[in-house]
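A.B. asks: Contents of structure.txt (compact mmCIF, C-alpha atoms (C1' of nucleotides)):
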```txt
# COMPACT_ATOMS: atom_id res chain seq x y z
CA MET A 179 0.00 0.00 0.00
CA THR A 180 1.36 3.35 -0.99
CA ALA A 181 1.67 6.37 1.22
CA ALA A 182 -0.89 8.16 -0.86
CA ALA A 183 -3.41 5.39 -0.44
CA ARG A 184 -2.88 5.37 3.32
CA ALA A 185 -3.31 9.14 3.53
CA GLY A 186 -6.49 8.94 1.48
CA ARG A 187 -4.80 11.18 -1.06
CA ASP A 188 -6.39 10.97 -4.45
CA ARG A 189 -4.05 12.13 -7.14
CA THR A 190 -6.60 11.42 -9.83
CA PRO A 191 -7.69 14.71 -11.36
CA PRO A 192 -11.41 15.45 -11.73
CA HIS A 193 -13.05 14.53 -15.02
CA PRO A 194 -16.07 16.43 -16.28
CA ASP A 195 -19.27 14.76 -17.35
CA LEU A 196 -19.44 14.97 -21.12
CA ALA A 197 -23.00 16.26 -20.92
CA THR A 198 -21.67 19.48 -19.42
CA ILE A 199 -19.13 20.16 -22.18
CA THR A 200 -20.01 22.92 -24.63
CA LEU A 201 -19.09 23.04 -28.29
CA GLN A 202 -17.27 26.25 -27.55
CA GLN A 203 -15.06 24.48 -25.05
CA VAL A 204 -14.29 21.67 -27.48
CA LEU A 205 -13.33 24.02 -30.28
CA GLU A 206 -11.17 26.12 -27.98
CA ALA A 207 -9.41 22.93 -26.96
CA LEU A 208 -8.88 21.66 -30.48
CA VAL A 209 -7.84 24.92 -32.10
CA ASP A 210 -4.35 24.61 -30.64
CA PRO A 211 -1.96 22.64 -32.87
CA VAL A 212 -0.07 21.16 -29.91
CA ARG A 213 -3.27 19.83 -28.39
CA ARG A 214 -4.40 18.37 -31.70
CA CYS A 215 -0.99 16.72 -31.90
CA ILE A 216 -1.64 15.07 -28.54
CA VAL A 217 -5.08 13.90 -29.58
CA ARG A 218 -3.75 12.49 -32.82
CA HIS A 219 -0.97 10.69 -31.06
CA LEU A 220 -3.37 9.16 -28.55
CA HIS A 221 -5.57 8.06 -31.40
CA SER A 222 -2.87 6.55 -33.60
CA THR A 223 -1.26 4.51 -30.82
CA GLY A 224 -4.36 2.76 -29.60
CA HIS A 225 -3.19 2.39 -26.00
CA ASP A 226 -2.82 4.85 -23.14
CA VAL A 227 0.37 6.81 -22.99
CA ALA A 228 2.31 8.87 -20.44
CA CYS A 229 2.65 12.64 -20.88
CA GLY A 230 6.39 12.47 -21.32
CA THR A 231 6.34 9.93 -24.12
CA ILE A 232 4.71 12.35 -26.53
CA GLU A 233 7.33 14.62 -27.97
CA LEU A 234 6.04 18.14 -28.07
CA PRO A 235 7.70 21.38 -29.11
CA VAL A 236 6.97 22.99 -25.74
CA SER A 237 8.28 22.92 -22.19
CA LYS A 238 6.96 20.52 -19.57
CA SER A 239 4.91 23.16 -17.80
CA THR A 240 3.27 24.15 -21.05
CA ALA A 241 2.55 20.51 -21.82
CA THR A 242 0.87 20.17 -18.44
CA HIS A 243 -1.30 23.12 -19.35
CA HIS A 244 -2.34 21.51 -22.65
CA PHE A 245 -3.23 18.20 -21.03
CA HIS A 246 -5.27 20.11 -18.49
CA VAL A 247 -7.26 21.87 -21.21
CA LEU A 248 -7.89 18.60 -23.04
CA ARG A 249 -9.10 16.95 -19.86
CA GLU A 250 -11.42 19.84 -19.03
CA ALA A 251 -12.85 19.62 -22.53
CA GLY A 252 -13.72 15.97 -21.98
CA LEU A 253 -11.30 14.72 -24.61
CA ILE A 254 -8.92 12.71 -22.47
CA ARG A 255 -8.90 10.79 -19.23
CA GLN A 256 -5.89 10.96 -16.94
CA TYR A 257 -4.69 8.72 -14.12
CA TYR A 258 -1.44 8.03 -12.38
CA ALA A 259 0.81 5.02 -12.82
CA GLY A 260 3.73 5.57 -10.51
CA THR A 261 5.20 8.96 -11.22
CA SER A 262 3.82 8.91 -14.72
CA ARG A 263 0.52 10.45 -15.60
CA MET A 264 -1.21 8.32 -18.17
CA ASN A 265 -3.53 9.68 -20.83
CA ALA A 266 -6.39 7.98 -22.62
CA LEU A 267 -8.63 9.32 -25.35
CA ARG A 268 -12.30 9.32 -24.34
CA LEU A 269 -13.18 8.28 -27.84
CA GLU A 270 -16.57 6.55 -27.67
CA GLU A 271 -17.82 8.77 -24.87
CA PHE A 272 -16.88 11.90 -26.75
CA ASP A 273 -18.33 10.69 -30.00
CA ARG A 274 -21.64 10.07 -28.26
CA ALA A 275 -21.68 13.70 -27.14
CA PHE A 276 -20.33 15.19 -30.38
CA PRO A 277 -21.11 12.68 -33.10
CA GLY A 278 -18.77 12.70 -36.04
CA LEU A 279 -16.68 15.61 -34.89
CA LEU A 280 -13.56 13.78 -33.81
CA PRO A 281 -13.61 11.39 -36.78
CA ALA A 282 -13.88 14.33 -39.15
CA LEU A 283 -10.91 16.03 -37.53
CA LEU A 284 -8.76 12.92 -37.31
CA ALA A 285 -9.45 11.99 -40.91
CA GLN A 286 -8.08 15.34 -41.94
CA ARG A 287 -4.43 15.69 -42.70
CA ASP A 288 -3.06 18.29 -40.37
CA GLY A 289 0.21 19.90 -41.27
CA ASP A 290 1.09 21.67 -38.07
CA ARG A 291 2.12 24.86 -39.79
CA ASP A 292 -0.13 27.58 -38.51
CA ALA A 293 -2.32 29.87 -40.52
CA MET B 293 -12.56 58.28 -62.26
CA THR B 294 -11.66 55.98 -59.49
CA ALA B 295 -9.06 53.31 -59.66
CA ALA B 296 -11.77 50.75 -59.22
CA ALA B 297 -13.67 52.06 -62.23
CA ARG B 298 -10.59 51.98 -64.38
CA ALA B 299 -9.92 48.46 -63.20
CA GLY B 300 -13.33 47.35 -64.40
CA ARG B 301 -15.18 47.93 -61.15
CA ASP B 302 -14.77 44.50 -59.68
CA ARG B 303 -15.86 44.79 -56.11
CA THR B 304 -15.90 41.04 -55.70
CA PRO B 305 -13.42 40.04 -53.01
CA PRO B 306 -10.91 37.25 -53.71
CA HIS B 307 -11.91 33.73 -52.75
CA PRO B 308 -9.31 31.13 -51.85
CA ASP B 309 -9.13 27.73 -53.46
CA LEU B 310 -10.33 25.22 -50.91
CA ALA B 311 -7.30 23.04 -51.56
CA THR B 312 -5.12 25.70 -49.98
CA ILE B 313 -7.11 25.94 -46.75
CA THR B 314 -5.56 24.33 -43.69
CA LEU B 315 -7.40 22.67 -40.84
CA GLN B 316 -5.77 25.20 -38.55
CA GLN B 317 -7.35 28.03 -40.50
CA VAL B 318 -10.78 26.40 -40.40
CA LEU B 319 -10.69 25.83 -36.66
CA GLU B 320 -9.48 29.35 -36.00
CA ALA B 321 -12.42 30.58 -38.05
CA LEU B 322 -15.01 28.40 -36.34
CA VAL B 323 -13.84 28.86 -32.77
CA ASP B 324 -15.46 32.27 -32.60
CA PRO B 325 -19.10 32.15 -31.49
CA VAL B 326 -20.09 35.10 -33.66
CA ARG B 327 -18.68 33.45 -36.75
CA ARG B 328 -20.41 30.16 -35.94
CA CYS B 329 -23.60 32.16 -35.56
CA ILE B 330 -23.14 33.47 -39.08
CA VAL B 331 -22.47 30.02 -40.48
CA ARG B 332 -25.51 28.59 -38.74
CA HIS B 333 -27.71 31.37 -40.00
CA LEU B 334 -26.50 30.88 -43.56
CA HIS B 335 -27.17 27.17 -43.23
CA SER B 336 -30.64 27.40 -41.70
CA THR B 337 -31.96 29.90 -44.24
CA GLY B 338 -31.03 28.02 -47.37
CA HIS B 339 -30.58 31.13 -49.51
CA ASP B 340 -27.90 33.80 -49.69
CA VAL B 341 -28.19 36.66 -47.30
CA ALA B 342 -26.80 40.19 -46.91
CA CYS B 343 -24.42 40.99 -44.08
CA GLY B 344 -26.81 43.40 -42.45
CA THR B 345 -29.72 40.99 -42.26
CA ILE B 346 -27.95 38.79 -39.74
CA GLU B 347 -28.32 40.29 -36.31
CA LEU B 348 -25.04 40.06 -34.45
CA PRO B 349 -24.02 41.34 -31.04
CA VAL B 350 -21.14 43.35 -32.51
CA SER B 351 -20.58 46.58 -34.40
CA LYS B 352 -20.58 46.79 -38.17
CA SER B 353 -16.82 47.00 -38.45
CA THR B 354 -16.40 43.94 -36.29
CA ALA B 355 -18.95 42.11 -38.40
CA THR B 356 -16.96 42.98 -41.50
CA HIS B 357 -13.93 41.46 -39.85
CA HIS B 358 -15.77 38.22 -39.09
CA PHE B 359 -17.08 37.86 -42.62
CA HIS B 360 -13.56 38.42 -43.87
CA VAL B 361 -12.20 35.62 -41.71
CA LEU B 362 -14.93 33.24 -42.84
CA ARG B 363 -14.23 34.04 -46.45
CA GLU B 364 -10.49 33.51 -46.05
CA ALA B 365 -11.19 30.18 -44.43
CA GLY B 366 -13.17 29.08 -47.48
CA LEU B 367 -16.44 28.86 -45.62
CA ILE B 368 -18.45 31.54 -47.40
CA ARG B 369 -18.63 33.21 -50.78
CA GLN B 370 -19.30 36.92 -51.04
CA TYR B 371 -20.53 39.10 -53.87
CA TYR B 372 -22.18 42.45 -54.22
CA ALA B 373 -25.81 43.13 -55.01
CA GLY B 374 -26.14 46.89 -55.09
CA THR B 375 -24.78 48.25 -51.86
CA SER B 376 -25.43 44.98 -50.11
CA ARG B 377 -22.78 42.35 -49.79
CA MET B 378 -24.34 38.94 -50.12
CA ASN B 379 -23.07 35.85 -48.39
CA ALA B 380 -23.39 32.22 -49.39
CA LEU B 381 -22.20 29.12 -47.58
CA ARG B 382 -19.73 27.11 -49.68
CA LEU B 383 -21.34 23.96 -48.37
CA GLU B 384 -20.62 21.23 -50.90
CA GLU B 385 -17.21 22.60 -51.80
CA PHE B 386 -16.19 22.78 -48.19
CA ASP B 387 -17.51 19.34 -47.38
CA ARG B 388 -15.44 17.92 -50.17
CA ALA B 389 -12.32 19.42 -48.61
CA PHE B 390 -13.24 18.66 -44.98
CA PRO B 391 -15.69 15.78 -45.11
CA GLY B 392 -18.13 15.60 -42.26
CA LEU B 393 -16.72 18.52 -40.33
CA LEU B 394 -19.41 21.09 -41.02
CA PRO B 395 -22.28 18.59 -40.64
CA ALA B 396 -20.87 17.53 -37.27
CA LEU B 397 -20.69 21.12 -36.10
CA LEU B 398 -24.09 22.14 -37.43
CA ALA B 399 -25.76 19.10 -35.92
CA GLN B 400 -24.50 20.18 -32.54
CA ARG B 401 -26.59 22.45 -30.42
CA ASP B 402 -24.57 25.54 -29.77
CA GLY B 403 -25.61 27.72 -26.88
CA ASP B 404 -23.48 30.76 -27.49
CA ARG B 405 -22.45 31.13 -23.91
CA ASP B 406 -18.70 30.79 -23.85
CA ALA B 407 -16.65 28.32 -21.89
C1' DC C 147 17.93 7.72 3.31
C1' DC C 148 19.05 10.21 -0.80
C1' DA C 149 18.65 11.28 -5.42
C1' DA C 150 16.65 11.17 -9.83
C1' DA C 151 12.39 11.07 -12.63
C1' DA C 152 7.95 12.91 -13.85
C1' DG C 153 4.69 16.37 -13.46
C1' DT C 154 2.52 20.37 -11.23
C1' DT C 155 2.10 25.16 -9.60
C1' DC C 156 3.12 29.77 -9.73
C1' DG C 157 4.25 34.14 -11.44
C1' DA C 158 5.50 36.81 -15.49
C1' DC C 159 5.58 38.05 -20.19
C1' DC C 160 3.97 38.83 -24.81
C1' DC C 161 1.68 38.48 -28.95
C1' DG C 162 -2.75 37.72 -31.32
C1' DT C 163 -7.23 38.80 -31.95
C1' DG C 164 -11.78 40.58 -31.00
C1' DT C 165 -13.60 44.98 -30.20
C1' DC C 166 -15.06 49.80 -31.24
C1' DA C 167 -15.42 54.67 -33.18
C1' DA C 168 -14.49 57.58 -36.87
C1' DA C 169 -13.69 58.57 -41.49
C1' DC C 170 -14.27 56.94 -46.04
C1' DT C 171 -16.35 54.57 -50.38
C1' DT C 172 -19.85 52.93 -53.36
C1' DC C 173 -24.23 52.44 -54.96
C1' DG C 174 -29.24 53.50 -55.44
C1' DA C 175 -33.02 56.73 -55.04
C1' DT C 176 -34.86 61.04 -54.91
C1' DA D 81 -26.26 66.44 -57.45
C1' DT D 82 -27.34 64.93 -53.27
C1' DC D 83 -28.47 62.15 -49.53
C1' DG D 84 -28.91 57.92 -47.14
C1' DA D 85 -27.96 53.00 -46.79
C1' DA D 86 -24.57 49.46 -46.46
C1' DG D 87 -20.02 48.08 -45.70
C1' DT D 88 -15.02 48.88 -45.51
C1' DT D 89 -10.74 50.68 -43.72
C1' DT D 90 -7.89 52.31 -40.37
C1' DG D 91 -5.97 53.06 -36.00
C1' DA D 92 -6.22 52.08 -31.10
C1' DC D 93 -7.12 49.38 -27.16
C1' DA D 94 -7.85 45.49 -23.92
C1' DC D 95 -7.97 40.95 -22.61
C1' DG D 96 -6.88 36.15 -23.02
C1' DG D 97 -4.14 32.44 -23.69
C1' DG D 98 0.28 30.17 -24.88
C1' DT D 99 4.83 30.33 -23.37
C1' DC D 100 8.75 29.81 -20.18
C1' DG D 101 11.76 29.18 -15.86
C1' DA D 102 12.01 28.25 -11.15
C1' DA D 103 10.48 26.13 -7.15
C1' DC D 104 7.80 22.38 -5.34
C1' DT D 105 5.66 17.43 -4.73
C1' DT D 106 5.34 12.65 -5.20
C1' DT D 107 7.04 8.31 -6.35
C1' DT D 108 10.63 4.96 -7.66
C1' DG D 109 15.33 3.09 -7.48
C1' DG D 110 19.77 2.44 -5.49
```
How would this structure read if it were set down as structure tokens?

C.D. replies:
Amino acid sequence: MTAAARAGRDRTPPHPDLATITLQQVLEALVDPVRRCIVRHLHSTGHDVACGTIELPVSKSTATHHFHVLREAGLIRQYYAGTSRMNALRLEEFDRAFPGLLPALLAQRDGDRDA
Amino acid sequence: MTAAARAGRDRTPPHPDLATITLQQVLEALVDPVRRCIVRHLHSTGHDVACGTIELPVSKSTATHHFHVLREAGLIRQYYAGTSRMNALRLEEFDRAFPGLLPALLAQRDGDRDA
DNA sequence: CCAAAAGTTCGACCCGTGTCAAACTTCGAT
DNA sequence: ATCGAAGTTTGACACGGGTCGAACTTTTGG
């Protein structure tokens, strides 16, 4: 039993109910190229993945920020495995709330050069 | 005689080829609630519509800006009819370039309260 | 027990973009 | 020939959001 478990400490961050997510929130989350990169990576490698294993062109603190935004927008689920924070795409759940949106985006080729 | 008259009086603004539009550009265009409001309005009323006939919570100059962004993102076509600038959704064209994206967005209910 | 690994939190900064008012342009009607 | 309607253009401004470094926390490994 870990110290955290003994202390009742829950390191699992809160996850919003997808019914409470607005389209505005989703678009604000997905408009950032770095965050789309994360979503794409999670989608291509079918399995969950730790934050650090995705190479991003930003610092660690910025990456944390992006994961936070994605989680708040209902796009990913996060949980701890040791010191690593794992990330999973909430694919079916999300598609039930916003049908067709994620497929349409993922199908699109997405050169990360900005506008 | 004005320069425009000498040039043949073409007040029609330039429209980008949809093949040159990036996903980034599209998302940046659609992340703004006012611009989504315009797109929705154009979609619900099947026919073309003048800028002024869409009631928006912004000034005229800001509205001009929004229409400009939508046009540059390949979402609308604009042409003059007298003093009125008409707007048409480039629906089929756009859906060929970004299949399913616009349908997925339009199908979504979109309370314009922000995140 | 100590140190390294993996993220998070906390300011701070800065650039983009949405906003408006004012002046201007173009067209249609009178 | 003039006036009003409809947009555009041009600055200017403000706020948000992406960015970073530094300090901190928690867990694992030696």

A.B. asks: Superposing chain B on chain A by least squares with every Cα paired in order, what RMSD results?

C.D. replies: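 For chain A versus chain B, the C-alpha RMSD is 2.1 Å.
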
A.B. asks: Compile the residues of chain B that lie within 12 Å of chain D, evaluated using all atoms listed in the file, and express the compilation as a list in words.

C.D. replies: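 Every residue of chain B that passes the 12 Å test is in Arg303, Pro305, Ala342, Cys343, Gly344, Thr345, Ser351, Lys352, Ser353, Thr354, Ala355, Thr356, His357, Phe359, His360, Tyr372, Ala373, Gly374, Thr375, Ser376, Arg377 and Met378 of chain B.
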
A.B. asks: Could you please select, counting only C-alpha atoms, the residues of chain B within 9 Å of chain A and state them as a PDB file with C-alpha atoms, keeping the file's coordinate frame?

C.D. replies:
```
ATOM      1  CA  ILE B 313      -7.110  25.940 -46.750  1.00  0.00           C
ATOM      2  CA  THR B 314      -5.560  24.330 -43.690  1.00  0.00           C
ATOM      3  CA  LEU B 315      -7.400  22.670 -40.840  1.00  0.00           C
ATOM      4  CA  GLN B 316      -5.770  25.200 -38.550  1.00  0.00           C
ATOM      5  CA  GLN B 317      -7.350  28.030 -40.500  1.00  0.00           C
ATOM      6  CA  VAL B 318     -10.780  26.400 -40.400  1.00  0.00           C
ATOM      7  CA  LEU B 319     -10.690  25.830 -36.660  1.00  0.00           C
ATOM      8  CA  GLU B 320      -9.480  29.350 -36.000  1.00  0.00           C
ATOM      9  CA  LEU B 322     -15.010  28.400 -36.340  1.00  0.00           C
ATOM     10  CA  VAL B 323     -13.840  28.860 -32.770  1.00  0.00           C
ATOM     11  CA  ASP B 324     -15.460  32.270 -32.600  1.00  0.00           C
ATOM     12  CA  PRO B 325     -19.100  32.150 -31.490  1.00  0.00           C
ATOM     13  CA  ALA B 389     -12.320  19.420 -48.610  1.00  0.00           C
ATOM     14  CA  PHE B 390     -13.240  18.660 -44.980  1.00  0.00           C
ATOM     15  CA  PRO B 391     -15.690  15.780 -45.110  1.00  0.00           C
ATOM     16  CA  GLY B 392     -18.130  15.600 -42.260  1.00  0.00           C
ATOM     17  CA  LEU B 393     -16.720  18.520 -40.330  1.00  0.00           C
ATOM     18  CA  LEU B 394     -19.410  21.090 -41.020  1.00  0.00           C
ATOM     19  CA  PRO B 395     -22.280  18.590 -40.640  1.00  0.00           C
ATOM     20  CA  ALA B 396     -20.870  17.530 -37.270  1.00  0.00           C
ATOM     21  CA  LEU B 397     -20.690  21.120 -36.100  1.00  0.00           C
ATOM     22  CA  ALA B 399     -25.760  19.100 -35.920  1.00  0.00           C
ATOM     23  CA  GLN B 400     -24.500  20.180 -32.540  1.00  0.00           C
ATOM     24  CA  ARG B 401     -26.590  22.450 -30.420  1.00  0.00           C
ATOM     25  CA  ASP B 402     -24.570  25.540 -29.770  1.00  0.00           C
ATOM     26  CA  GLY B 403     -25.610  27.720 -26.880  1.00  0.00           C
ATOM     27  CA  ASP B 404     -23.480  30.760 -27.490  1.00  0.00           C
ATOM     28  CA  ARG B 405     -22.450  31.130 -23.910  1.00  0.00           C
ATOM     29  CA  ASP B 406     -18.700  30.790 -23.850  1.00  0.00           C
ATOM     30  CA  ALA B 407     -16.650  28.320 -21.890  1.00  0.00           C
TER      31      ALA B 407
END
```

A.B. asks: Please produce, as a tab-separated table, a per-residue contact table for chain C versus chain A (criterion: any atom at most 8 Å away, all atoms listed in the file considered), showing the nearest atom pair and its distance in Å to one decimal, sorted by chain then residue number.

C.D. replies:
```
residue	atom	partner	partner_atom	distance
C:DA151	C1'	A:Thr261	CA	7.6
C:DA152	C1'	A:Thr261	CA	5.5
C:DG153	C1'	A:Thr242	CA	7.3
C:DT154	C1'	A:Thr242	CA	7.4
```

A.B. asks: Rounded to one decimal, what separation in Å do you get between atom CA of Glu233 of chain A and atom CA of Ile216 of chain A?

C.D. replies: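 Between atom CA of Glu233 of chain A and atom CA of Ile216 of chain A the gap is 9.0 Å.
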
A.B. asks: To one decimal place in Å, what is the distance between atom CA of Arg255 of chain A and atom CA of Pro235 of chain A?

C.D. replies: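 Between atom CA of Arg255 of chain A and atom CA of Pro235 of chain A the gap works out to 22.0 Å.
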
A.B. asks: With N, CA and C atoms as the target, complete segment 357-390 of chain B and hand it back as a compact mmCIF listing (two decimals), keeping the file's coordinate frame.

C.D. replies:
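Final file, result.txt:
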```
# COMPACT_ATOMS: atom_id res chain seq x y z
N HIS B 357 -15.10 42.29 -40.17
CA HIS B 357 -13.93 41.46 -39.85
C HIS B 357 -14.28 39.97 -39.84
N HIS B 358 -15.39 39.63 -39.20
CA HIS B 358 -15.77 38.22 -39.09
C HIS B 358 -16.07 37.62 -40.46
N PHE B 359 -16.80 38.36 -41.28
CA PHE B 359 -17.08 37.86 -42.62
C PHE B 359 -15.78 37.65 -43.40
N HIS B 360 -14.85 38.54 -43.19
CA HIS B 360 -13.56 38.42 -43.87
C HIS B 360 -12.87 37.12 -43.47
N VAL B 361 -12.85 36.84 -42.20
CA VAL B 361 -12.20 35.62 -41.71
C VAL B 361 -12.87 34.38 -42.28
N LEU B 362 -14.20 34.39 -42.29
CA LEU B 362 -14.93 33.24 -42.84
C LEU B 362 -14.64 33.05 -44.31
N ARG B 363 -14.53 34.14 -45.03
CA ARG B 363 -14.23 34.04 -46.45
C ARG B 363 -12.83 33.48 -46.67
N GLU B 364 -11.86 33.97 -45.92
CA GLU B 364 -10.49 33.51 -46.05
C GLU B 364 -10.34 32.05 -45.67
N ALA B 365 -11.23 31.58 -44.84
CA ALA B 365 -11.19 30.18 -44.43
C ALA B 365 -11.97 29.29 -45.39
N GLY B 366 -12.49 29.87 -46.46
CA GLY B 366 -13.17 29.08 -47.48
C GLY B 366 -14.58 28.67 -47.10
N LEU B 367 -15.13 29.30 -46.08
CA LEU B 367 -16.44 28.86 -45.62
C LEU B 367 -17.59 29.58 -46.31
N ILE B 368 -17.37 30.81 -46.74
CA ILE B 368 -18.45 31.54 -47.40
C ILE B 368 -17.94 32.18 -48.69
N ARG B 369 -18.89 32.47 -49.55
CA ARG B 369 -18.63 33.21 -50.78
C ARG B 369 -19.34 34.53 -50.68
N GLN B 370 -18.69 35.60 -51.13
CA GLN B 370 -19.30 36.92 -51.04
C GLN B 370 -19.33 37.60 -52.39
N TYR B 371 -20.40 38.33 -52.63
CA TYR B 371 -20.53 39.10 -53.87
C TYR B 371 -21.47 40.26 -53.61
N TYR B 372 -21.36 41.27 -54.44
CA TYR B 372 -22.18 42.45 -54.22
C TYR B 372 -23.48 42.38 -54.99
N ALA B 373 -24.52 42.92 -54.36
CA ALA B 373 -25.81 43.13 -55.01
C ALA B 373 -26.23 44.53 -54.62
N GLY B 374 -25.91 45.50 -55.47
CA GLY B 374 -26.14 46.89 -55.09
C GLY B 374 -25.16 47.28 -54.00
N THR B 375 -25.67 47.88 -52.96
CA THR B 375 -24.78 48.25 -51.86
C THR B 375 -24.65 47.11 -50.86
N SER B 376 -25.47 46.10 -51.06
CA SER B 376 -25.43 44.98 -50.11
C SER B 376 -24.42 43.94 -50.51
N ARG B 377 -23.70 43.46 -49.54
CA ARG B 377 -22.78 42.35 -49.79
C ARG B 377 -23.49 41.06 -49.40
N MET B 378 -23.63 40.19 -50.37
CA MET B 378 -24.34 38.94 -50.12
C MET B 378 -23.37 37.85 -49.67
N ASN B 379 -23.90 36.93 -48.92
CA ASN B 379 -23.07 35.85 -48.39
C ASN B 379 -23.72 34.50 -48.65
N ALA B 380 -22.90 33.56 -49.13
CA ALA B 380 -23.39 32.22 -49.39
C ALA B 380 -22.44 31.22 -48.75
N LEU B 381 -23.01 30.19 -48.16
CA LEU B 381 -22.20 29.12 -47.58
C LEU B 381 -21.63 28.27 -48.71
N ARG B 382 -20.35 27.98 -48.66
CA ARG B 382 -19.73 27.11 -49.68
C ARG B 382 -19.85 25.67 -49.21
N LEU B 383 -21.06 25.19 -49.09
CA LEU B 383 -21.34 23.96 -48.37
C LEU B 383 -20.74 22.72 -49.01
N GLU B 384 -21.12 22.45 -50.26
CA GLU B 384 -20.62 21.23 -50.90
C GLU B 384 -19.11 21.29 -51.08
N GLU B 385 -18.64 22.41 -51.61
CA GLU B 385 -17.21 22.60 -51.80
C GLU B 385 -16.45 22.30 -50.52
N PHE B 386 -16.90 22.93 -49.45
CA PHE B 386 -16.19 22.78 -48.19
C PHE B 386 -16.23 21.34 -47.69
N ASP B 387 -17.38 20.72 -47.86
CA ASP B 387 -17.51 19.34 -47.38
C ASP B 387 -16.65 18.38 -48.18
N ARG B 388 -16.33 18.76 -49.40
CA ARG B 388 -15.44 17.92 -50.17
C ARG B 388 -14.02 18.02 -49.61
N ALA B 389 -13.66 19.20 -49.14
CA ALA B 389 -12.32 19.42 -48.61
C ALA B 389 -12.19 18.93 -47.17
N PHE B 390 -13.25 19.08 -46.40
CA PHE B 390 -13.24 18.66 -44.98
C PHE B 390 -14.48 17.83 -44.70
```
